[in-house]
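Below you'll find the structure, written out as structure tokens, and then a few comments.
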Amino acid sequence: MARVVLENVSKFFGSVQAVKSINLEIKDKEFMVFVGPSGCGKTTTLRMIAGLEEVSDGRIFINEKQINDVPPKDRNIAMVFQSYALYPHMNVYDNMAFGLKLRGKKKKEIDERVAHAGEILELTELLDRLPKQLSGGQRQRVALGRAIVRDPAVFLMDEPLSNLDAKLRVQMRAQLQKIHKTLQTTVVYVTHDQVEAMTLGSRIAVILNGELQQVDAPLVVYEKPINRFVAGFIGSPPMNFIKGELHRTNGTYSFESEGFKLDIPEDLNQYLASYQDKEVVFGIRPEDIWDVPSSAWIDKRCVLDAKVEFRELMGSETNLYVKAGSNSLIVRVNSLNDAAAGSKFTIVINLRKIHLFDPATQKAII
Ligand SMILES: Nc1ncnc2c1ncn2[C@@H]1O[C@H](COP(=O)(O)OP(=O)(O)O)[C@@H](O)[C@H]1O
Ligand SMILES: [Mg+2]
């Protein structure tokens with residue numbers, strides 16, 4: 001059982017504020033992912049929860065108990081880092097058992113805990129091996145095992161998969177989900193990789209410049225980003241943004257930019273009144289722009305003329321880089337679409353999936 005609460009938590013390194021008054025509740029058994037660009041304060045926040053970094057301002061609680069002054073070893077947490085730092089001269093069993101031995105646990109209990117962790121991590125056959133006799137993925141599993149044997153209330157993980165190649169990372173992501181399901185323990189996981197955040201998190205906390213931007217379930221962050229930064233950071237290829245103006249004719253609002261005009265569904269009118277005749281930023285994800293054949297079922301749509309600049313084959317899908325007027329857009333279509341570079345191309349915008357942002361505050365309007 002562990003609920004972690006951050007209350008107005010800040011961190012200063014000299015005059016630099018790396019973490020800015022973060023308020024966040026991490027629920028019991030939750031898999032919370034901190035995601036954001038390099039240097040945004042993810043590791044620093046995690047290290048404050050671990051007790052490896054002093055909190056400059058604010059309070060951290062684990063299960064209602066304020067832990068600002070509790071030493072790391074008494075916080076009942078285990079941390080897993082990017083570099084697995086195994087003891088090279090110890091076999092897998094001893095690497096996992098080491099921390100327990102230091103804590104004076106009995107041989108029988110150590111055996112049981114290592115066997116249990118070995119089973120969860122599929123390391124049972126490898127307990128006698130030295131780290132140099134293991135693959136990268138196996139080594140990272142041993143590092144996880146060292147944390148699991150301690151049976152902590154909270155796992156803190158700082159980019160634990162970054163050293164693995166792409167294929168192994170995908171495998172380990174699936175394994176981490178399984179482990180979390182088995183152990184039912186609170187996890188706080190740091191990554192700069194938005195795909196990792198989306199696939200692993202029960203909720204994700206998006207951080208920019210030390211400030212928490214949005215905390216929500218992955219799909220909510222994806223579909224309802226709170227501001228332009230979150231909209232652009234989550235999703236690949238990123239959301240398309242177009243600068244333009246909002247106008248109103250006969251009760252219908254339309255977004256207009258050079259060579260690009262679309263009417264906005266009237267059920268959204270309630271959000272738009274204060275933006276009439278003002279500048280706004282329009283946003284649409286590449287998969288929400290369609291080619292004509294695949295758009296048959298969209299009930300609310302807008303058709304525009306564009307021109308293909310180049311194609312990027314991804315496999316079953318292709319990213320088309322198109323131009324509509326002076327605006328560049330990325331469109332994700334089925335690879336069967338053979339629109340060639342230089343050809344005219346009609347795009348269909350799914351009006352159910354449009355976003356508008358306030359250019360001054362960067363906040364989402366719809
Ligand atoms: N020990 C330190 N001394 C001074 N500045 C630091 C220290 N640790 C981190 N920082 C700064 O704090 C900011 C946040 O760093 P960090 O939490 O490591 O970011 P992230 O993990 O998101 O990449 C960065 O600007 C970094 O340079
Ligand atoms: Mg970091």
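By order in the structure tokens, chains are A, B, ...; within a chain, residues start at 1; ligands start at 1, following the order shown.
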
Using only C-alpha atoms and all ligand atoms, find each protein or nucleic acid residue lying at most 9 Å from ligand 1; present the set as a ChimeraX atom specification.
-> /A:11-14,16-19,34-47,53,158-159,190-192,207-210

What does the file look like for those residues with C-alpha atoms, as a PDB file, in the first residue's frame?
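The resulting result-v4.pdb:
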ATOM      1  CA  LYS A  11      13.917  22.283  -6.226  1.00  0.00           C
ATOM      2  CA  PHE A  12      16.569  24.940  -6.598  1.00  0.00           C
ATOM      3  CA  PHE A  13      20.146  24.261  -7.681  1.00  0.00           C
ATOM      4  CA  GLY A  14      21.685  27.558  -6.631  1.00  0.00           C
ATOM      5  CA  VAL A  16      18.257  27.705 -10.993  1.00  0.00           C
ATOM      6  CA  GLN A  17      14.800  26.344 -10.265  1.00  0.00           C
ATOM      7  CA  ALA A  18      14.726  22.818 -11.718  1.00  0.00           C
ATOM      8  CA  VAL A  19      11.314  21.863 -10.289  1.00  0.00           C
ATOM      9  CA  PHE A  34       6.790  11.342 -15.703  1.00  0.00           C
ATOM     10  CA  VAL A  35       7.448  12.339 -19.296  1.00  0.00           C
ATOM     11  CA  GLY A  36       9.000  15.433 -20.810  1.00  0.00           C
ATOM     12  CA  PRO A  37      12.036  16.627 -22.757  1.00  0.00           C
ATOM     13  CA  SER A  38      15.545  16.167 -21.421  1.00  0.00           C
ATOM     14  CA  GLY A  39      16.334  18.584 -18.593  1.00  0.00           C
ATOM     15  CA  CYS A  40      12.706  19.271 -17.628  1.00  0.00           C
ATOM     16  CA  GLY A  41      13.157  18.043 -14.041  1.00  0.00           C
ATOM     17  CA  LYS A  42      11.940  14.421 -14.150  1.00  0.00           C
ATOM     18  CA  THR A  43      14.981  12.841 -12.508  1.00  0.00           C
ATOM     19  CA  THR A  44      15.220  15.587  -9.913  1.00  0.00           C
ATOM     20  CA  THR A  45      11.585  15.034  -8.903  1.00  0.00           C
ATOM     21  CA  LEU A  46      12.116  11.272  -8.690  1.00  0.00           C
ATOM     22  CA  ARG A  47      15.277  11.735  -6.622  1.00  0.00           C
ATOM     23  CA  GLU A  53      17.910  15.008  -3.330  1.00  0.00           C
ATOM     24  CA  ASP A 158      14.575   6.386 -14.036  1.00  0.00           C
ATOM     25  CA  GLU A 159      14.707   5.593 -17.769  1.00  0.00           C
ATOM     26  CA  VAL A 190      10.604   8.466 -15.690  1.00  0.00           C
ATOM     27  CA  THR A 191      11.093   8.598 -19.453  1.00  0.00           C
ATOM     28  CA  HIS A 192      11.659  11.173 -22.195  1.00  0.00           C
ATOM     29  CA  ILE A 207       6.492  18.069 -17.440  1.00  0.00           C
ATOM     30  CA  LEU A 208       8.069  21.057 -19.194  1.00  0.00           C
ATOM     31  CA  ASN A 209      10.712  23.359 -17.692  1.00  0.00           C
ATOM     32  CA  GLY A 210      10.112  21.994 -14.191  1.00  0.00           C
TER      33      GLY A 210
END

Contacts of Asn163 in chain A at 8 Å or less, counting only C-alpha atoms, minus same-chain residues fewer than 4 places along, as a VMD selection string?
-> chain A and resid 82 to 83 136

If you keep N, CA and C atoms, can you produce a file of those selected residues as a short mmCIF file (atom, residue, chain, number, x, y, z; two decimals), in the first residue's frame?
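Dumped to part.cif:
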data_model
loop_
_atom_site.label_atom_id
_atom_site.label_comp_id
_atom_site.auth_asym_id
_atom_site.auth_seq_id
_atom_site.Cartn_x
_atom_site.Cartn_y
_atom_site.Cartn_z
N GLN A 82 18.92 3.80 -15.17
CA GLN A 82 19.24 3.47 -16.56
C GLN A 82 20.45 2.54 -16.64
N SER A 83 21.50 2.87 -15.90
CA SER A 83 22.67 1.98 -15.90
C SER A 83 22.44 0.95 -14.80
N GLY A 136 21.92 -7.67 -22.55
CA GLY A 136 21.52 -6.39 -21.95
C GLY A 136 20.16 -6.45 -21.27
#

Please provide the set of residues having any atom within 9 Å of Gln177 in chain A, restricted to only C-alpha atoms, with same-chain residues fewer than 5 positions apart removed, written as a list in words.
->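 Listed by chain and then number, they are Phe31, Met172, Thr182, Thr199 and Leu200 of chain A.
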
For those residues, write N, CA and C atoms to a file as a CSV table (one decimal), in the first residue's frame.
chain,number,residue,atom,x,y,z
A,31,PHE,N,0.6,3.1,-11.9
A,31,PHE,CA,1.8,3.2,-12.7
A,31,PHE,C,1.9,4.6,-13.3
A,172,MET,N,10.6,-5.5,-23.1
A,172,MET,CA,10.7,-5.1,-21.6
A,172,MET,C,9.5,-4.3,-21.2
A,182,THR,N,1.4,-8.2,-11.6
A,182,THR,CA,1.6,-9.3,-10.6
A,182,THR,C,1.9,-8.7,-9.2
A,199,THR,N,2.4,3.8,-23.5
A,199,THR,CA,2.2,2.3,-23.4
A,199,THR,C,2.2,1.8,-22.0
A,200,LEU,N,3.0,2.5,-21.1
A,200,LEU,CA,3.1,2.0,-19.7
A,200,LEU,C,2.2,2.6,-18.7

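For Gln270 in chain A, the list of residues within 12 Å, based on only C-alpha atoms and with local chain neighbours fewer than 5 positions off taken out, reads Gly251, Thr252, Tyr253, Ile264, Pro265, Tyr275, Gln276, Ile365 and Ile366 of chain A.
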
For those residues, write N, CA and C atoms to a file as a tab-separated table (two decimals), in the first residue's frame.
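Listing of part24.tsv after writing:
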chain	number	residue	atom	x	y	z
A	251	GLY	N	-23.53	32.85	-38.11
A	251	GLY	CA	-23.60	31.94	-36.96
A	251	GLY	C	-22.62	30.78	-37.01
A	252	THR	N	-21.83	30.69	-38.08
A	252	THR	CA	-20.85	29.60	-38.16
A	252	THR	C	-19.43	30.16	-38.05
A	253	TYR	N	-18.66	29.59	-37.16
A	253	TYR	CA	-17.26	30.00	-37.04
A	253	TYR	C	-16.43	29.24	-38.07
A	264	ILE	N	-16.20	25.30	-38.48
A	264	ILE	CA	-16.10	24.54	-37.24
A	264	ILE	C	-17.50	24.09	-36.82
A	265	PRO	N	-17.66	22.81	-36.45
A	265	PRO	CA	-18.99	22.31	-36.08
A	265	PRO	C	-19.64	23.21	-35.02
A	275	TYR	N	-12.95	34.52	-29.23
A	275	TYR	CA	-11.84	34.45	-30.21
A	275	TYR	C	-12.24	34.95	-31.59
A	276	GLN	N	-13.49	35.45	-31.72
A	276	GLN	CA	-13.94	35.93	-33.03
A	276	GLN	C	-13.02	37.02	-33.55
A	365	ILE	N	-8.25	25.79	-26.61
A	365	ILE	CA	-9.58	26.43	-26.60
A	365	ILE	C	-10.63	25.33	-26.77
A	366	ILE	N	-10.40	24.44	-27.73
A	366	ILE	CA	-11.25	23.25	-27.87
A	366	ILE	C	-10.32	22.05	-28.09

Write out as an mmCIF file with C-alpha atoms, in the first residue's frame all residues of range 69-280 of chain A that DSSP puts in helix (DSSP H, G or I) for this structure's backbone.
data_model
loop_
_atom_site.group_PDB
_atom_site.id
_atom_site.type_symbol
_atom_site.label_atom_id
_atom_site.label_comp_id
_atom_site.auth_asym_id
_atom_site.auth_seq_id
_atom_site.Cartn_x
_atom_site.Cartn_y
_atom_site.Cartn_z
ATOM 1 C CA PRO A 72 16.239 7.098 1.847
ATOM 2 C CA LYS A 73 16.751 3.695 3.462
ATOM 3 C CA ASP A 74 13.718 4.215 5.701
ATOM 4 C CA VAL A 92 22.728 -13.215 -10.580
ATOM 5 C CA TYR A 93 21.633 -14.760 -7.291
ATOM 6 C CA ASP A 94 24.194 -12.821 -5.266
ATOM 7 C CA ASN A 95 23.465 -9.578 -7.086
ATOM 8 C CA MET A 96 19.835 -9.881 -6.095
ATOM 9 C CA ALA A 97 20.582 -11.161 -2.586
ATOM 10 C CA PHE A 98 23.224 -8.566 -1.726
ATOM 11 C CA GLY A 99 20.910 -5.835 -0.417
ATOM 12 C CA LEU A 100 18.965 -8.332 1.671
ATOM 13 C CA LYS A 101 22.176 -9.710 3.206
ATOM 14 C CA LEU A 102 23.243 -6.176 4.131
ATOM 15 C CA LYS A 107 19.268 -17.148 4.434
ATOM 16 C CA LYS A 108 15.898 -18.887 4.070
ATOM 17 C CA GLU A 109 14.015 -15.646 3.521
ATOM 18 C CA ILE A 110 16.653 -14.432 1.049
ATOM 19 C CA ASP A 111 16.376 -17.714 -0.893
ATOM 20 C CA GLU A 112 12.616 -17.389 -1.073
ATOM 21 C CA ARG A 113 12.615 -13.791 -2.158
ATOM 22 C CA VAL A 114 15.273 -14.293 -4.839
ATOM 23 C CA ALA A 115 13.454 -17.385 -6.134
ATOM 24 C CA HIS A 116 10.197 -15.442 -6.290
ATOM 25 C CA ALA A 117 11.764 -12.474 -8.114
ATOM 26 C CA GLY A 118 13.609 -14.887 -10.410
ATOM 27 C CA GLU A 119 10.312 -16.485 -11.343
ATOM 28 C CA ILE A 120 8.560 -13.197 -12.050
ATOM 29 C CA THR A 124 15.373 -18.828 -12.674
ATOM 30 C CA GLU A 125 17.664 -20.611 -15.143
ATOM 31 C CA LEU A 126 20.264 -17.857 -14.965
ATOM 32 C CA PRO A 131 26.630 -10.365 -15.479
ATOM 33 C CA LYS A 132 29.098 -10.658 -18.376
ATOM 34 C CA GLN A 133 27.364 -13.890 -19.384
ATOM 35 C CA GLY A 136 21.523 -6.386 -21.950
ATOM 36 C CA GLY A 137 17.878 -7.214 -21.401
ATOM 37 C CA GLN A 138 18.738 -9.956 -18.911
ATOM 38 C CA ARG A 139 21.024 -7.596 -16.996
ATOM 39 C CA GLN A 140 18.289 -5.007 -16.753
ATOM 40 C CA ARG A 141 15.961 -7.721 -15.441
ATOM 41 C CA VAL A 142 18.507 -8.538 -12.722
ATOM 42 C CA ALA A 143 18.566 -4.841 -11.803
ATOM 43 C CA LEU A 144 14.781 -4.980 -11.548
ATOM 44 C CA GLY A 145 15.132 -8.160 -9.496
ATOM 45 C CA ARG A 146 17.322 -6.354 -6.976
ATOM 46 C CA ALA A 147 14.474 -3.899 -6.472
ATOM 47 C CA ILE A 148 11.735 -6.543 -6.404
ATOM 48 C CA ALA A 166 14.541 -0.868 -29.805
ATOM 49 C CA LYS A 167 13.287 -4.446 -30.011
ATOM 50 C CA LEU A 168 14.307 -5.299 -26.454
ATOM 51 C CA ARG A 169 12.702 -2.112 -25.178
ATOM 52 C CA VAL A 170 9.366 -3.217 -26.615
ATOM 53 C CA GLN A 171 9.747 -6.642 -24.975
ATOM 54 C CA MET A 172 10.723 -5.115 -21.640
ATOM 55 C CA ARG A 173 7.779 -2.717 -21.766
ATOM 56 C CA ALA A 174 5.428 -5.668 -22.007
ATOM 57 C CA GLN A 175 7.302 -7.388 -19.197
ATOM 58 C CA LEU A 176 7.126 -4.313 -16.954
ATOM 59 C CA GLN A 177 3.363 -4.185 -17.437
ATOM 60 C CA LYS A 178 3.119 -7.829 -16.453
ATOM 61 C CA ILE A 179 5.323 -7.318 -13.400
ATOM 62 C CA HIS A 180 3.243 -4.353 -12.297
ATOM 63 C CA LYS A 181 0.077 -6.415 -12.627
ATOM 64 C CA THR A 182 1.615 -9.257 -10.602
ATOM 65 C CA LEU A 183 3.137 -7.139 -7.848
ATOM 66 C CA GLN A 194 6.379 9.581 -25.235
ATOM 67 C CA VAL A 195 5.669 6.147 -26.727
ATOM 68 C CA GLU A 196 6.985 4.488 -23.573
ATOM 69 C CA ALA A 197 4.849 6.847 -21.489
ATOM 70 C CA MET A 198 1.712 6.102 -23.501
ATOM 71 C CA THR A 199 2.174 2.333 -23.416
ATOM 72 C CA LEU A 200 3.132 1.977 -19.742
ATOM 73 C CA PRO A 218 -2.649 8.385 -21.759
ATOM 74 C CA LEU A 219 -5.600 8.538 -24.114
ATOM 75 C CA VAL A 220 -6.984 11.662 -22.443
ATOM 76 C CA VAL A 221 -3.612 13.382 -22.809
ATOM 77 C CA TYR A 222 -3.556 12.307 -26.450
ATOM 78 C CA GLU A 223 -7.089 13.346 -27.318
ATOM 79 C CA ARG A 228 0.037 23.330 -27.387
ATOM 80 C CA PHE A 229 3.200 21.921 -25.839
ATOM 81 C CA VAL A 230 1.470 18.722 -24.665
ATOM 82 C CA ALA A 231 -0.317 18.446 -28.011
ATOM 83 C CA GLY A 232 2.986 18.599 -29.878
ATOM 84 C CA PHE A 233 5.035 16.461 -27.492
ATOM 85 C CA GLU A 266 -21.598 24.451 -34.360
ATOM 86 C CA ASP A 267 -21.687 22.404 -31.191
ATOM 87 C CA LEU A 268 -18.299 23.997 -30.421
ATOM 88 C CA ASN A 269 -19.584 27.578 -30.769
ATOM 89 C CA GLN A 270 -19.868 28.000 -27.002
ATOM 90 C CA TYR A 271 -16.055 27.977 -26.649
ATOM 91 C CA ALA A 273 -17.101 33.686 -28.825
ATOM 92 C CA SER A 274 -14.116 35.500 -27.310
ATOM 93 C CA TYR A 275 -11.844 34.448 -30.207
#

Mind checking DSSP for range 144-327 of chain A and telling me the strand (DSSP E) residues as number ranges by chain?
-> A: 154-158, 186-191, 203-208, 211-216, 240-249, 252-257, 260-263, 279-284, 289-291, 301-313, 317-324, 327

Which residue out of A:Lys353, A:Lys20, A:Arg103, A:Lys65 has the minimum interatomic distance to Ala2 in chain A when only C-alpha atoms are used?
->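 Result for the nearest residue to Ala2 in chain A: A:Lys65.
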
Contacts of Asn8 in chain A at 9 Å or less, counting only C-alpha atoms, minus same-chain residues fewer than 6 places along, as a PyMOL selection string?
-> chain A and resi 20-24+57-60

Can you work out the spacing between CA of Ser316 in chain A and CA of Asp299 in chain A in Å, to one decimal?
-> 25.0 Å

Contacts of Thr361 in chain A within 12 Å, only C-alpha atoms, excl. fewer than 2 positions in-chain, as a ChimeraX atom specification | /A:226-229,279-281,356-359,363-365

Rounded to one decimal in Å, what is the spacing between CA of Phe61 in chain A and CA of Asp216 in chain A?
->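 These atoms are spaced 20.6 Å apart.
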
Find the residues around Val331 in chain A up to 10 Å (only C-alpha atoms counted), leave out those fewer than 4 positions away in its own chain, and share them as a list in words.
->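 The residues that qualify are Pro237, Met239, Asn240, Ile284, Arg285, Pro286, Glu287, Asp288, Ile289, Trp290, Asp291, Val308, Arg311, Thr318, Asn319, Leu320, Tyr321, Val322, Ile347, Val348 and Ile349 of chain A.
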
Go through A:Arg129, A:Glu245, A:Glu309, A:Phe81 and flag the residue nearest ligand 2, using only C-alpha atoms and all ligand atoms for the distances.
-> A:Phe81

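The shortest atom-to-atom distance to ligand 2, with only C-alpha atoms and all ligand atoms taken into account, belongs to A:Met157 out of A:Ile26, A:Ala340, A:Ile234, A:Met157.
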